[in-house]
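S.K.: This is upload28.txt (compact mmCIF, C-alpha atoms and all ligand atoms).
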```
# COMPACT_ATOMS: atom_id res chain seq x y z
CA MET S 8 -9.08 -23.70 -30.16
CA GLY S 9 -11.24 -20.58 -29.73
CA GLN S 10 -11.90 -18.14 -32.55
CA VAL S 11 -8.68 -16.75 -34.03
CA LYS S 12 -8.62 -12.94 -33.88
CA THR S 13 -6.49 -11.21 -36.48
CA LYS S 14 -7.13 -7.63 -35.41
CA ASP S 15 -5.52 -6.08 -32.38
CA ALA S 16 -7.06 -4.13 -29.52
CA LEU S 17 -7.04 -0.99 -31.69
CA ASN S 18 -8.62 -2.88 -34.59
CA ARG S 19 -5.49 -3.04 -36.76
CA PRO S 20 -5.18 -6.10 -39.00
CA LEU S 21 -2.01 -8.17 -39.17
CA ARG S 22 -0.53 -7.72 -42.65
CA ASP S 23 3.23 -7.78 -42.70
CA LEU S 24 6.03 -9.53 -40.93
CA ARG S 25 9.64 -8.58 -40.46
CA ILE S 26 12.00 -11.40 -39.57
CA SER S 27 15.45 -10.72 -38.16
CA VAL S 28 17.55 -13.75 -39.08
CA ILE S 29 20.74 -12.80 -37.23
CA ASP S 30 21.88 -10.25 -34.65
CA ARG S 31 25.47 -9.97 -35.97
CA CYS S 32 26.67 -7.36 -38.41
CA ASN S 33 29.82 -6.49 -40.34
CA PHE S 34 29.09 -2.79 -39.65
CA ARG S 35 28.82 -0.80 -36.45
CA CYS S 36 26.61 2.05 -37.60
CA GLN S 37 26.74 4.61 -34.86
CA TYR S 38 22.95 5.11 -34.79
CA CYS S 39 22.29 1.37 -34.58
CA MET S 40 25.16 -0.66 -33.08
CA PRO S 41 27.63 1.78 -31.51
CA ALA S 42 31.12 0.22 -31.57
CA GLU S 43 31.77 1.09 -27.89
CA ILE S 44 28.91 -1.22 -26.89
CA PHE S 45 29.00 -3.79 -29.72
CA HIS S 46 32.78 -4.24 -29.36
CA ASP S 47 34.98 -7.12 -30.50
CA HIS S 48 34.15 -9.18 -27.39
CA PHE S 49 30.41 -8.54 -27.47
CA GLN S 50 28.48 -11.75 -26.92
CA PHE S 51 26.14 -12.20 -29.85
CA LEU S 52 23.52 -14.93 -29.79
CA PRO S 53 24.87 -18.47 -30.04
CA ARG S 54 23.76 -20.26 -33.20
CA ASN S 55 21.31 -22.57 -31.42
CA GLU S 56 19.40 -19.52 -30.13
CA LEU S 57 18.53 -18.47 -33.69
CA LEU S 58 15.38 -19.92 -35.22
CA THR S 59 16.33 -22.44 -37.89
CA TYR S 60 15.04 -21.94 -41.45
CA GLU S 61 12.57 -24.77 -40.95
CA GLU S 62 11.30 -23.08 -37.77
CA ILE S 63 11.02 -19.72 -39.54
CA GLU S 64 9.06 -21.39 -42.36
CA LYS S 65 6.67 -22.95 -39.84
CA VAL S 66 6.07 -19.65 -38.06
CA ALA S 67 5.71 -17.76 -41.36
CA THR S 68 3.09 -20.27 -42.53
CA ILE S 69 1.03 -19.54 -39.44
CA PHE S 70 1.46 -15.79 -39.82
CA ALA S 71 0.26 -16.14 -43.42
CA GLU S 72 -2.84 -18.00 -42.21
CA LEU S 73 -3.46 -15.06 -39.87
CA GLY S 74 -3.31 -12.50 -42.69
CA VAL S 75 0.34 -11.72 -43.42
CA GLU S 76 1.07 -11.22 -47.13
CA LYS S 77 4.48 -9.58 -47.04
CA ILE S 78 7.67 -10.71 -45.38
CA ARG S 79 10.90 -8.77 -45.07
CA LEU S 80 14.14 -10.40 -43.96
CA THR S 81 16.49 -8.27 -41.93
CA GLY S 82 19.07 -8.37 -39.13
CA GLY S 83 21.80 -7.46 -38.01
CA GLU S 84 23.13 -8.08 -41.47
CA PRO S 85 20.90 -10.81 -42.94
CA LEU S 86 23.44 -11.79 -45.62
CA LEU S 87 25.78 -12.94 -42.85
CA ARG S 88 23.36 -15.80 -42.22
CA LYS S 89 24.52 -18.86 -44.12
CA ASP S 90 22.49 -19.92 -47.18
CA LEU S 91 19.94 -17.12 -46.94
CA PRO S 92 18.62 -17.88 -50.46
CA ARG S 93 17.50 -21.27 -49.08
CA LEU S 94 15.22 -19.44 -46.64
CA VAL S 95 13.90 -17.16 -49.38
CA GLU S 96 13.08 -20.24 -51.45
CA LYS S 97 11.03 -21.66 -48.59
CA LEU S 98 9.20 -18.42 -47.79
CA VAL S 99 8.09 -17.61 -51.35
CA LYS S 100 6.34 -20.97 -51.43
CA VAL S 101 4.29 -20.30 -48.28
CA SER S 102 0.63 -20.08 -49.24
CA GLY S 103 -0.67 -16.50 -48.96
CA ILE S 104 2.74 -14.82 -49.09
CA LYS S 105 2.82 -12.47 -52.08
CA ASP S 106 6.11 -10.72 -51.49
CA VAL S 107 9.43 -11.52 -49.85
CA ALA S 108 11.94 -8.66 -49.54
CA LEU S 109 15.28 -8.03 -47.86
CA THR S 110 16.95 -5.13 -46.06
CA THR S 111 20.74 -5.18 -46.23
CA ASN S 112 23.78 -2.95 -46.04
CA GLY S 113 24.55 -4.23 -49.54
CA VAL S 114 28.15 -5.34 -49.05
CA TYR S 115 27.45 -9.00 -49.82
CA LEU S 116 25.05 -8.41 -52.70
CA PRO S 117 27.72 -8.89 -55.39
CA LYS S 118 28.04 -12.42 -54.03
CA TYR S 119 24.36 -13.25 -53.45
CA ALA S 120 22.11 -11.00 -55.57
CA LYS S 121 21.62 -13.46 -58.45
CA GLU S 122 21.07 -16.41 -56.15
CA LEU S 123 18.53 -14.43 -54.13
CA LYS S 124 16.65 -13.45 -57.27
CA THR S 125 16.61 -17.04 -58.49
CA ALA S 126 15.29 -18.09 -55.09
CA GLY S 127 12.30 -15.75 -55.57
CA LEU S 128 13.32 -12.53 -53.86
CA LYS S 129 11.62 -9.55 -55.48
CA ARG S 130 12.95 -6.50 -53.78
CA VAL S 131 15.85 -5.28 -51.75
CA ASN S 132 16.30 -2.21 -49.57
CA ILE S 133 19.93 -1.18 -49.43
CA SER S 134 21.13 1.15 -46.69
CA LEU S 135 23.44 4.00 -47.63
CA ASP S 136 23.70 7.13 -45.50
CA SER S 137 26.37 9.06 -47.38
CA LEU S 138 28.16 9.25 -50.70
CA ASP S 139 31.11 10.91 -49.04
CA ASP S 140 33.62 8.15 -48.47
CA GLU S 141 35.21 9.49 -45.27
CA LEU S 142 31.85 10.24 -43.70
CA PHE S 143 30.48 6.83 -44.68
CA LYS S 144 33.51 5.13 -43.12
CA LYS S 145 32.92 7.06 -39.93
CA ILE S 146 29.19 6.27 -39.83
CA ASN S 147 29.59 2.53 -40.35
CA GLY S 148 32.28 2.38 -37.68
CA ARG S 149 34.29 -0.16 -39.67
CA GLY S 150 36.03 2.06 -42.19
CA VAL S 151 34.14 0.50 -45.11
CA GLY S 152 34.08 2.82 -48.12
CA THR S 153 31.00 3.61 -50.23
CA ALA S 154 32.36 1.55 -53.18
CA SER S 155 31.38 -1.72 -51.43
CA VAL S 156 27.76 -0.63 -51.18
CA LEU S 157 27.66 0.93 -54.65
CA ARG S 158 28.87 -2.40 -56.05
CA GLY S 159 26.04 -4.06 -54.13
CA ILE S 160 23.51 -1.69 -55.71
CA GLU S 161 24.89 -2.50 -59.17
CA ALA S 162 24.72 -6.23 -58.46
CA ALA S 163 21.09 -5.96 -57.34
CA LYS S 164 20.25 -4.03 -60.50
CA GLU S 165 21.98 -6.57 -62.73
CA ALA S 166 20.14 -9.39 -60.99
CA GLY S 167 16.81 -7.68 -61.76
CA LEU S 168 15.81 -6.97 -58.15
CA GLY S 169 13.61 -3.98 -57.30
CA ILE S 170 15.74 -1.54 -55.29
CA LYS S 171 15.07 1.08 -52.65
CA ILE S 172 17.84 2.98 -50.90
CA ASN S 173 17.44 3.69 -47.17
CA MET S 174 19.17 6.75 -45.76
CA VAL S 175 18.99 7.51 -42.04
CA VAL S 176 19.39 11.24 -41.52
CA LYS S 177 20.92 12.48 -38.28
CA LYS S 178 21.44 16.15 -37.50
CA GLY S 179 25.09 17.18 -37.37
CA LEU S 180 26.13 13.96 -39.07
CA ASN S 181 24.91 13.63 -42.63
CA GLU S 182 22.33 16.26 -43.52
CA ASP S 183 24.75 17.65 -46.12
CA GLN S 184 24.32 14.33 -47.93
CA ILE S 185 20.57 14.77 -48.50
CA LEU S 186 20.97 16.52 -51.87
CA PRO S 187 23.91 14.44 -53.20
CA MET S 188 22.02 11.25 -52.34
CA ALA S 189 18.85 12.57 -53.98
CA VAL S 190 20.77 13.48 -57.16
CA TYR S 191 22.57 10.11 -57.24
CA CYS S 192 19.33 8.15 -56.84
CA LYS S 193 17.26 10.27 -59.22
CA GLU S 194 19.88 9.93 -61.97
CA ARG S 195 19.69 6.15 -61.62
CA ASP S 196 15.92 5.95 -61.07
CA LEU S 197 16.42 4.53 -57.59
CA HIS S 198 13.72 5.11 -54.99
CA LEU S 199 15.38 6.85 -52.02
CA ARG S 200 13.79 6.70 -48.59
CA PHE S 201 14.82 9.17 -45.92
CA ILE S 202 14.45 7.70 -42.45
CA GLU S 203 14.16 9.95 -39.43
CA PHE S 204 16.73 8.99 -36.77
CA MET S 205 14.74 6.93 -34.28
CA ASP S 206 15.01 6.19 -30.57
CA VAL S 207 15.15 2.44 -31.09
CA GLY S 208 16.95 0.58 -28.30
CA THR S 209 18.84 2.34 -25.55
CA THR S 210 22.45 2.40 -26.80
CA ASN S 211 22.48 4.92 -29.65
CA GLY S 212 22.34 8.08 -27.51
CA TRP S 213 19.20 9.32 -29.28
CA LYS S 214 18.03 12.85 -28.54
CA MET S 215 15.15 14.69 -30.16
CA ASP S 216 17.70 17.39 -31.15
CA HIS S 217 19.37 14.84 -33.47
CA VAL S 218 16.25 14.34 -35.53
CA ILE S 219 15.82 16.00 -38.90
CA SER S 220 12.14 15.80 -39.70
CA MET S 221 10.55 14.99 -43.03
CA LYS S 222 9.45 18.62 -43.21
CA GLU S 223 13.06 19.84 -43.02
CA ILE S 224 14.30 17.22 -45.50
CA LEU S 225 11.53 18.12 -47.93
CA ARG S 226 12.45 21.81 -47.62
CA ILE S 227 16.07 20.98 -48.51
CA LEU S 228 14.96 18.85 -51.49
CA GLN S 229 12.63 21.56 -52.73
CA GLU S 230 15.58 23.94 -53.06
CA LYS S 231 16.60 21.85 -56.05
CA PHE S 232 13.65 19.73 -57.14
CA GLU S 233 9.93 20.01 -57.73
CA LEU S 234 8.09 17.24 -55.94
CA GLU S 235 4.48 16.10 -55.84
CA PRO S 236 2.91 13.91 -53.16
CA VAL S 237 1.70 10.42 -54.16
CA ASP S 238 -1.38 8.84 -52.56
CA PRO S 239 -0.76 5.79 -50.34
CA SER S 240 -1.20 2.61 -52.35
CA TYR S 241 -2.55 0.48 -49.48
CA PHE S 242 -3.73 0.71 -45.86
CA GLY S 243 -0.76 0.78 -43.51
CA GLU S 244 1.79 1.98 -46.07
CA VAL S 245 4.60 3.28 -43.91
CA ALA S 246 6.48 5.60 -46.28
CA LYS S 247 5.08 8.96 -47.32
CA ARG S 248 5.85 9.08 -51.01
CA TYR S 249 6.60 11.89 -53.45
CA ILE S 250 7.48 11.91 -57.13
CA TYR S 251 9.85 14.26 -58.95
CA ARG S 252 7.83 16.35 -61.43
CA ASP S 253 10.29 15.82 -64.26
CA SER S 254 10.75 12.06 -63.87
CA LYS S 255 9.00 8.91 -62.69
CA THR S 256 11.38 8.41 -59.79
CA GLU S 257 9.91 8.43 -56.29
CA VAL S 258 11.30 9.54 -52.99
CA GLY S 259 9.89 8.45 -49.62
CA PHE S 260 10.01 9.40 -45.96
CA ILE S 261 9.75 7.27 -42.86
CA THR S 262 8.43 9.72 -40.31
CA SER S 263 8.10 7.66 -37.18
CA VAL S 264 9.33 10.56 -35.05
CA SER S 265 7.69 13.63 -36.58
CA GLN S 266 4.40 12.09 -37.77
CA SER S 267 3.47 8.85 -36.10
CA PHE S 268 1.48 6.22 -37.95
CA CYS S 269 0.53 3.86 -35.10
CA SER S 270 -3.17 3.87 -36.00
CA SER S 271 -2.37 1.96 -39.20
CA CYS S 272 0.49 -0.18 -37.90
CA THR S 273 -0.05 -3.68 -39.30
CA ARG S 274 3.45 -5.08 -38.77
CA ALA S 275 4.70 -7.83 -36.48
CA ARG S 276 8.39 -8.49 -35.92
CA ILE S 277 10.29 -11.62 -35.01
CA SER S 278 13.66 -11.09 -33.37
CA ALA S 279 16.73 -13.14 -34.18
CA ASP S 280 16.15 -15.22 -31.03
CA GLY S 281 12.57 -16.10 -31.87
CA LYS S 282 10.48 -13.57 -29.97
CA ILE S 283 7.52 -11.70 -31.38
CA TYR S 284 7.60 -7.93 -30.92
CA THR S 285 4.40 -6.10 -31.69
CA CYS S 286 6.15 -2.71 -31.70
CA LEU S 287 9.60 -1.52 -32.73
CA PHE S 288 9.90 0.39 -29.47
CA THR S 289 9.00 -2.23 -26.92
CA GLY S 290 11.22 -4.17 -24.55
CA LYS S 291 8.73 -6.99 -24.23
CA GLY S 292 9.08 -9.81 -26.67
CA HIS S 293 6.82 -12.86 -26.65
CA ASP S 294 8.88 -16.02 -26.79
CA ILE S 295 7.57 -18.32 -29.50
CA LYS S 296 10.75 -20.32 -30.00
CA SER S 297 10.00 -22.36 -26.90
CA ILE S 298 6.52 -23.14 -28.27
CA VAL S 299 7.94 -24.01 -31.71
CA ARG S 300 10.50 -26.31 -30.07
CA SER S 301 7.94 -27.96 -27.76
CA ASP S 302 5.50 -30.65 -28.83
CA ALA S 303 2.71 -28.06 -29.15
CA SER S 304 0.50 -28.55 -32.20
CA GLU S 305 0.34 -26.06 -35.05
CA GLU S 306 -3.13 -25.07 -33.87
CA GLU S 307 -1.74 -24.25 -30.43
CA LEU S 308 1.08 -22.21 -31.94
CA LYS S 309 -1.42 -20.37 -34.14
CA ALA S 310 -3.65 -19.61 -31.16
CA ALA S 311 -0.65 -18.29 -29.19
CA ILE S 312 0.42 -15.98 -32.04
CA ALA S 313 -3.15 -14.79 -32.66
CA LYS S 314 -3.52 -13.96 -28.97
CA ILE S 315 -0.29 -11.95 -28.93
CA TRP S 316 -1.57 -9.85 -31.85
CA HIS S 317 -5.09 -9.58 -30.48
CA ASP S 318 -3.88 -8.35 -27.07
CA ARG S 319 -1.61 -5.71 -28.58
CA SER S 320 -2.33 -2.04 -27.99
CA ASP S 321 1.06 -0.50 -28.92
CA ARG S 322 1.21 3.12 -30.00
CA TYR S 323 4.67 4.19 -28.90
CA SER S 324 5.25 6.90 -31.52
CA ASP S 325 1.85 8.42 -30.82
CA GLU S 326 2.79 8.48 -27.14
CA ARG S 327 6.22 9.95 -27.90
CA MET S 328 4.52 12.76 -29.77
CA MET S 329 2.38 13.37 -26.71
CA GLY S 330 5.55 13.41 -24.59
CA SER S 331 4.79 10.37 -22.46
CA SER S 332 6.95 7.45 -23.52
CA ASN S 333 10.68 7.79 -23.22
CA SER S 334 11.98 5.95 -20.17
CA ARG S 335 11.00 2.36 -20.95
CA GLU S 336 13.25 -0.56 -21.79
CA LYS S 337 13.49 -1.13 -25.56
CA ILE S 338 14.81 -3.85 -27.84
CA GLU S 339 17.95 -2.98 -29.85
CA MET S 340 17.58 -2.38 -33.60
CA SER S 341 20.12 -5.12 -34.43
CA TYR S 342 17.87 -7.75 -32.78
CA ILE S 343 14.68 -6.64 -34.42
CA GLY S 344 15.87 -5.21 -37.72
CA GLY S 345 13.79 -2.07 -38.22
N1 LIG S 401 21.89 -4.38 -41.75
C1 LIG S 401 20.81 -4.12 -42.61
C2 LIG S 401 20.81 -2.69 -43.07
O1 LIG S 401 21.51 -1.86 -42.50
O2 LIG S 401 20.08 -2.40 -44.02
C3 LIG S 401 19.46 -4.51 -42.05
C4 LIG S 401 19.18 -4.18 -40.62
S1 LIG S 401 19.10 -2.46 -40.21
C5 LIG S 401 18.78 -2.53 -38.49
C6 LIG S 401 17.54 -2.01 -40.93
C7 LIG S 401 17.35 -0.53 -41.19
O3 LIG S 401 17.26 0.15 -39.97
C8 LIG S 401 18.47 0.13 -41.98
O4 LIG S 401 17.96 0.81 -43.09
C9 LIG S 401 19.06 1.10 -41.00
O5 LIG S 401 19.59 2.23 -41.62
C10 LIG S 401 17.87 1.41 -40.11
N2 LIG S 401 18.21 1.93 -38.79
C11 LIG S 401 19.07 1.39 -37.90
N3 LIG S 401 19.11 2.13 -36.78
C12 LIG S 401 18.25 3.16 -36.96
C13 LIG S 401 17.84 4.27 -36.16
N4 LIG S 401 18.31 4.47 -34.94
N5 LIG S 401 16.92 5.12 -36.67
C14 LIG S 401 16.42 4.92 -37.90
N6 LIG S 401 16.74 3.89 -38.70
C15 LIG S 401 17.66 3.03 -38.23
FE1 LIG S 402 24.46 -3.28 -39.20
FE2 LIG S 402 22.35 -2.43 -40.50
FE3 LIG S 402 22.68 -1.76 -37.94
FE4 LIG S 402 24.28 -0.72 -39.75
S1 LIG S 402 22.08 -0.41 -39.60
S2 LIG S 402 24.92 -1.65 -37.81
S3 LIG S 402 24.47 -2.34 -41.22
S4 LIG S 402 22.34 -3.77 -38.71
FE1 LIG S 403 3.83 0.46 -34.90
FE2 LIG S 403 5.06 0.80 -32.58
FE3 LIG S 403 5.90 2.13 -34.74
FE4 LIG S 403 3.56 2.76 -33.57
S1 LIG S 403 5.58 2.96 -32.68
S2 LIG S 403 3.95 2.52 -35.78
S3 LIG S 403 2.86 0.74 -32.90
S4 LIG S 403 5.94 -0.09 -34.45
```
What does the file become when written as structure tokens?

M.R.:
Amino acid sequence: MGQVKTKDALNRPLRDLRISVIDRCNFRCQYCMPAEIFHDHFQFLPRNELLTYEEIEKVATIFAELGVEKIRLTGGEPLLRKDLPRLVEKLVKVSGIKDVALTTNGVYLPKYAKELKTAGLKRVNISLDSLDDELFKKINGRGVGTASVLRGIEAAKEAGLGIKINMVVKKGLNEDQILPMAVYCKERDLHLRFIEFMDVGTTNGWKMDHVISMKEILRILQEKFELEPVDPSYFGEVAKRYIYRDSKTEVGFITSVSQSFCSSCTRARISADGKIYTCLFTGKGHDIKSIVRSDASEEELKAAIAKIWHDRSDRYSDERMMGSSNSREKIEMSYIGG
């Protein structure tokens, strides 16, 4: 095998890996899996198309050899995948992996939080876009009330997991929830992250007019709170962080629309069907499942993955900001997991 390159064409190292373990979900969030498209007869991936836990472990081991230190499990709804703690248990033992985290809508945390913690999970990001019950039911498209998620947050806390709350903000939908969510999280010392509504996939009807930028969210927060910026704690940190002056609670912003961060993008993604995506906004996945399931050696698999990363030159958000990117085919969020 030739020399393994762990930097891409723009000289960005490979540091973190997001693995989507399933494309199904119990929700139909309108900004992610609109119910008109992901209807009751929608054909999700058959089970044998998903990477098995042993296959995920094998791929993660190679990613770790190439520099990955952090893994996040996502979906679809990752807790719909059977025995997820068994996968966590495998991944925390992979040499070089320092942190395994999970992103979930929280509904199944009362059932699994303790088991996940025992398996070695450190942190969980729980998505909650509104504290208003009726609005939340409308957003998730399944009429699920906020109580199910709030119980999940409690369960994660009781299990001793680190918690961040993810809130996608969409203009005309939930901007009136910015302050109530901030108050709720600050009172409980929960780190809230506001996520700008993104043009992931092609089904969520995204328009620039729907985006509420970090600047606008910060202005709304500053009506009530005093906030100070916090320096990034490592290269490639995605969230821009602030701290409330009168507490130690942080608040963060994911600004992939208003302030791109492609120049420090160190993240690879594996879709539920075993393809590597080197950008959240690409339609082109690199099939590694067929290599994993062939009789290729680990060295060959490693060389293939290293080449995919080395050849990458993605900078979609930068291009969007320059007004030159919108018409391409893009993978859906539920396949790639954010
Ligand atoms: N089902 C889990 C959940 O909701 O947390 C994990 C998968 S979900 C795709 C991962 C994250 O992506 C969630 O925090 C969700 O709110 C966010 N997300 C989904 N669609 C989005 C969009 N169009 N723009 C911004 N964030 C989005
Ligand atoms: Fe499901 Fe998460 Fe997408 Fe909502 S954001 S539809 S919970 S995958
Ligand atoms: Fe990374 Fe693509 Fe997002 Fe840029 S647009 S930060 S390259 S995932």

S.K.: At most 8 Å is the cut-off: for each residue in chain S with any atom that close to an atom of ligand LIG 402 (chain S), write down the nearest atom pair and the distance in Å rounded to one decimal, counting all atoms listed in the file, chain first then increasing number, as a tab-separated table.

M.R.:
```
residue	atom	partner	partner_atom	distance
S:Asp30	CA	S:LIG402	S4	7.7
S:Arg31	CA	S:LIG402	S4	7.5
S:Cys32	CA	S:LIG402	FE1	4.7
S:Asn33	CA	S:LIG402	FE1	6.4
S:Phe34	CA	S:LIG402	FE1	4.7
S:Arg35	CA	S:LIG402	S2	4.2
S:Cys36	CA	S:LIG402	S2	4.1
S:Gln37	CA	S:LIG402	S2	7.2
S:Tyr38	CA	S:LIG402	S1	7.4
S:Cys39	CA	S:LIG402	FE3	4.6
S:Met40	CA	S:LIG402	S2	4.8
S:Pro41	CA	S:LIG402	S2	7.7
S:Gly82	CA	S:LIG402	S4	5.7
S:Gly83	CA	S:LIG402	S4	3.8
S:Glu84	CA	S:LIG402	S4	5.2
S:Thr111	CA	S:LIG402	FE2	6.6
S:Asn112	CA	S:LIG402	S3	4.9
S:Ser134	CA	S:LIG402	FE2	7.3
S:Asn147	CA	S:LIG402	FE4	6.3
S:Met340	CA	S:LIG402	FE3	6.7
S:Ser341	CA	S:LIG402	S4	5.0
S:Gly344	CA	S:LIG402	S4	6.7
```

S.K.: For range 294-308 of chain S, please output as a list in words all residues within 9 Å (counting all atoms listed in the file; exclusion window: fewer than 6 positions along the same chain).

M.R.: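 The residues that qualify are Met8, Glu56, Leu57, Leu58, Glu62, Lys65, Val66, Ile69, Asp280, Gly281, Lys282 and Ile283 of chain S.
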
S.K.: Take the selection from the previous step and output its residues with C-alpha atoms, as an mmCIF file, in the coordinates of the input.

M.R.:
```cif
data_model
loop_
_atom_site.group_PDB
_atom_site.id
_atom_site.type_symbol
_atom_site.label_atom_id
_atom_site.label_comp_id
_atom_site.auth_asym_id
_atom_site.auth_seq_id
_atom_site.Cartn_x
_atom_site.Cartn_y
_atom_site.Cartn_z
ATOM 1 C CA MET S 8 -9.080 -23.700 -30.160
ATOM 2 C CA GLU S 56 19.400 -19.520 -30.130
ATOM 3 C CA LEU S 57 18.530 -18.470 -33.690
ATOM 4 C CA LEU S 58 15.380 -19.920 -35.220
ATOM 5 C CA GLU S 62 11.300 -23.080 -37.770
ATOM 6 C CA LYS S 65 6.670 -22.950 -39.840
ATOM 7 C CA VAL S 66 6.070 -19.650 -38.060
ATOM 8 C CA ILE S 69 1.030 -19.540 -39.440
ATOM 9 C CA ASP S 280 16.150 -15.220 -31.030
ATOM 10 C CA GLY S 281 12.570 -16.100 -31.870
ATOM 11 C CA LYS S 282 10.480 -13.570 -29.970
ATOM 12 C CA ILE S 283 7.520 -11.700 -31.380
#
```

S.K.: Need the shell around Lys129 in chain S: protein/DNA/RNA residues with any atom at most 8 Å away, counting only C-alpha atoms. Skip same-chain ones fewer than 6 positions apart. Format as a PyMOL selection string?

M.R.: chain S and resi 106-108+168-169

S.K.: Using all atoms listed in the file, determine which residues lie at most 12 Å from range 177-179 of chain S, disregarding the query and same-chain residues fewer than 4 positions distant; provide the list as a VMD selection string.

M.R.: chain S and resid 36 to 39 136 to 137 142 146 183 to 185 201 to 206 211 to 221 223 to 224

S.K.: Write a file of the just-selected residues containing C-alpha atoms, as a compact mmCIF listing (two decimals), in the frame of the given file.

M.R.:
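Output (result25.txt):
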```
# COMPACT_ATOMS: atom_id res chain seq x y z
CA CYS S 36 26.61 2.05 -37.60
CA GLN S 37 26.74 4.61 -34.86
CA TYR S 38 22.95 5.11 -34.79
CA CYS S 39 22.29 1.37 -34.58
CA ASP S 136 23.70 7.13 -45.50
CA SER S 137 26.37 9.06 -47.38
CA LEU S 142 31.85 10.24 -43.70
CA ILE S 146 29.19 6.27 -39.83
CA ASP S 183 24.75 17.65 -46.12
CA GLN S 184 24.32 14.33 -47.93
CA ILE S 185 20.57 14.77 -48.50
CA PHE S 201 14.82 9.17 -45.92
CA ILE S 202 14.45 7.70 -42.45
CA GLU S 203 14.16 9.95 -39.43
CA PHE S 204 16.73 8.99 -36.77
CA MET S 205 14.74 6.93 -34.28
CA ASP S 206 15.01 6.19 -30.57
CA ASN S 211 22.48 4.92 -29.65
CA GLY S 212 22.34 8.08 -27.51
CA TRP S 213 19.20 9.32 -29.28
CA LYS S 214 18.03 12.85 -28.54
CA MET S 215 15.15 14.69 -30.16
CA ASP S 216 17.70 17.39 -31.15
CA HIS S 217 19.37 14.84 -33.47
CA VAL S 218 16.25 14.34 -35.53
CA ILE S 219 15.82 16.00 -38.90
CA SER S 220 12.14 15.80 -39.70
CA MET S 221 10.55 14.99 -43.03
CA GLU S 223 13.06 19.84 -43.02
CA ILE S 224 14.30 17.22 -45.50
```

S.K.: Point out the residue among S:Gly113, S:Pro239, S:Gly74, S:Gly259 with the least atom-to-atom distance to ligand LIG 401 (chain S), counting only C-alpha atoms and all ligand atoms.

M.R.: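 Going through S:Gly113, S:Pro239, S:Gly74, S:Gly259 one by one, the smallest distance to ligand LIG 401 (chain S) is for S:Gly113.
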
S.K.: Neighbours of ligand LIG 403 (chain S) within 8 Å, counting only C-alpha atoms and all ligand atoms, as a ChimeraX atom specification?

M.R.: /S:263,267-274,285-289,320-325

S.K.: Please compute the CA of Ala67 in chain S-CA of Ser27 in chain S distance, one decimal, in Å.

M.R.: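 Distance reported for this atom pair: 12.4 Å.
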
S.K.: For a quick check of understanding, using all atoms listed in the file, which of S:Ser240, S:Ala16, S:Asp196, S:Gly292 has the smallest distance to Asp253 in chain S?

M.R.: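 Using all atoms listed in the file, Asp253 in chain S sits closest to S:Asp196.
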
S.K.: Which is closest to Ala162 in chain S among S:Val114, S:Val245, S:Met188, S:Leu199, if we use only C-alpha atoms?

M.R.: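 Among S:Val114, S:Val245, S:Met188, S:Leu199, it is S:Val114 that comes nearest to Ala162 in chain S.
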
S.K.: Between S:Lys222, S:His48, S:Lys14, S:Lys337, which has the minimum distance to ligand LIG 401 (chain S) (counting only C-alpha atoms and all ligand atoms)?

M.R.: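 Between S:Lys222, S:His48, S:Lys14, S:Lys337, the residue approaching ligand LIG 401 (chain S) most closely is S:Lys337.
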
S.K.: Padding 5 Å on every side, please: axis-aligned box over the listed atoms of ligand LIG 401 (chain S), centre and edge lengths to one decimal in Å, as lines of an AutoDock Vina configuration file.

M.R.:
```
center_x = 19.2
center_y = 0.3
center_z = -39.5
size_x = 15.5
size_y = 19.6
size_z = 19.1
```
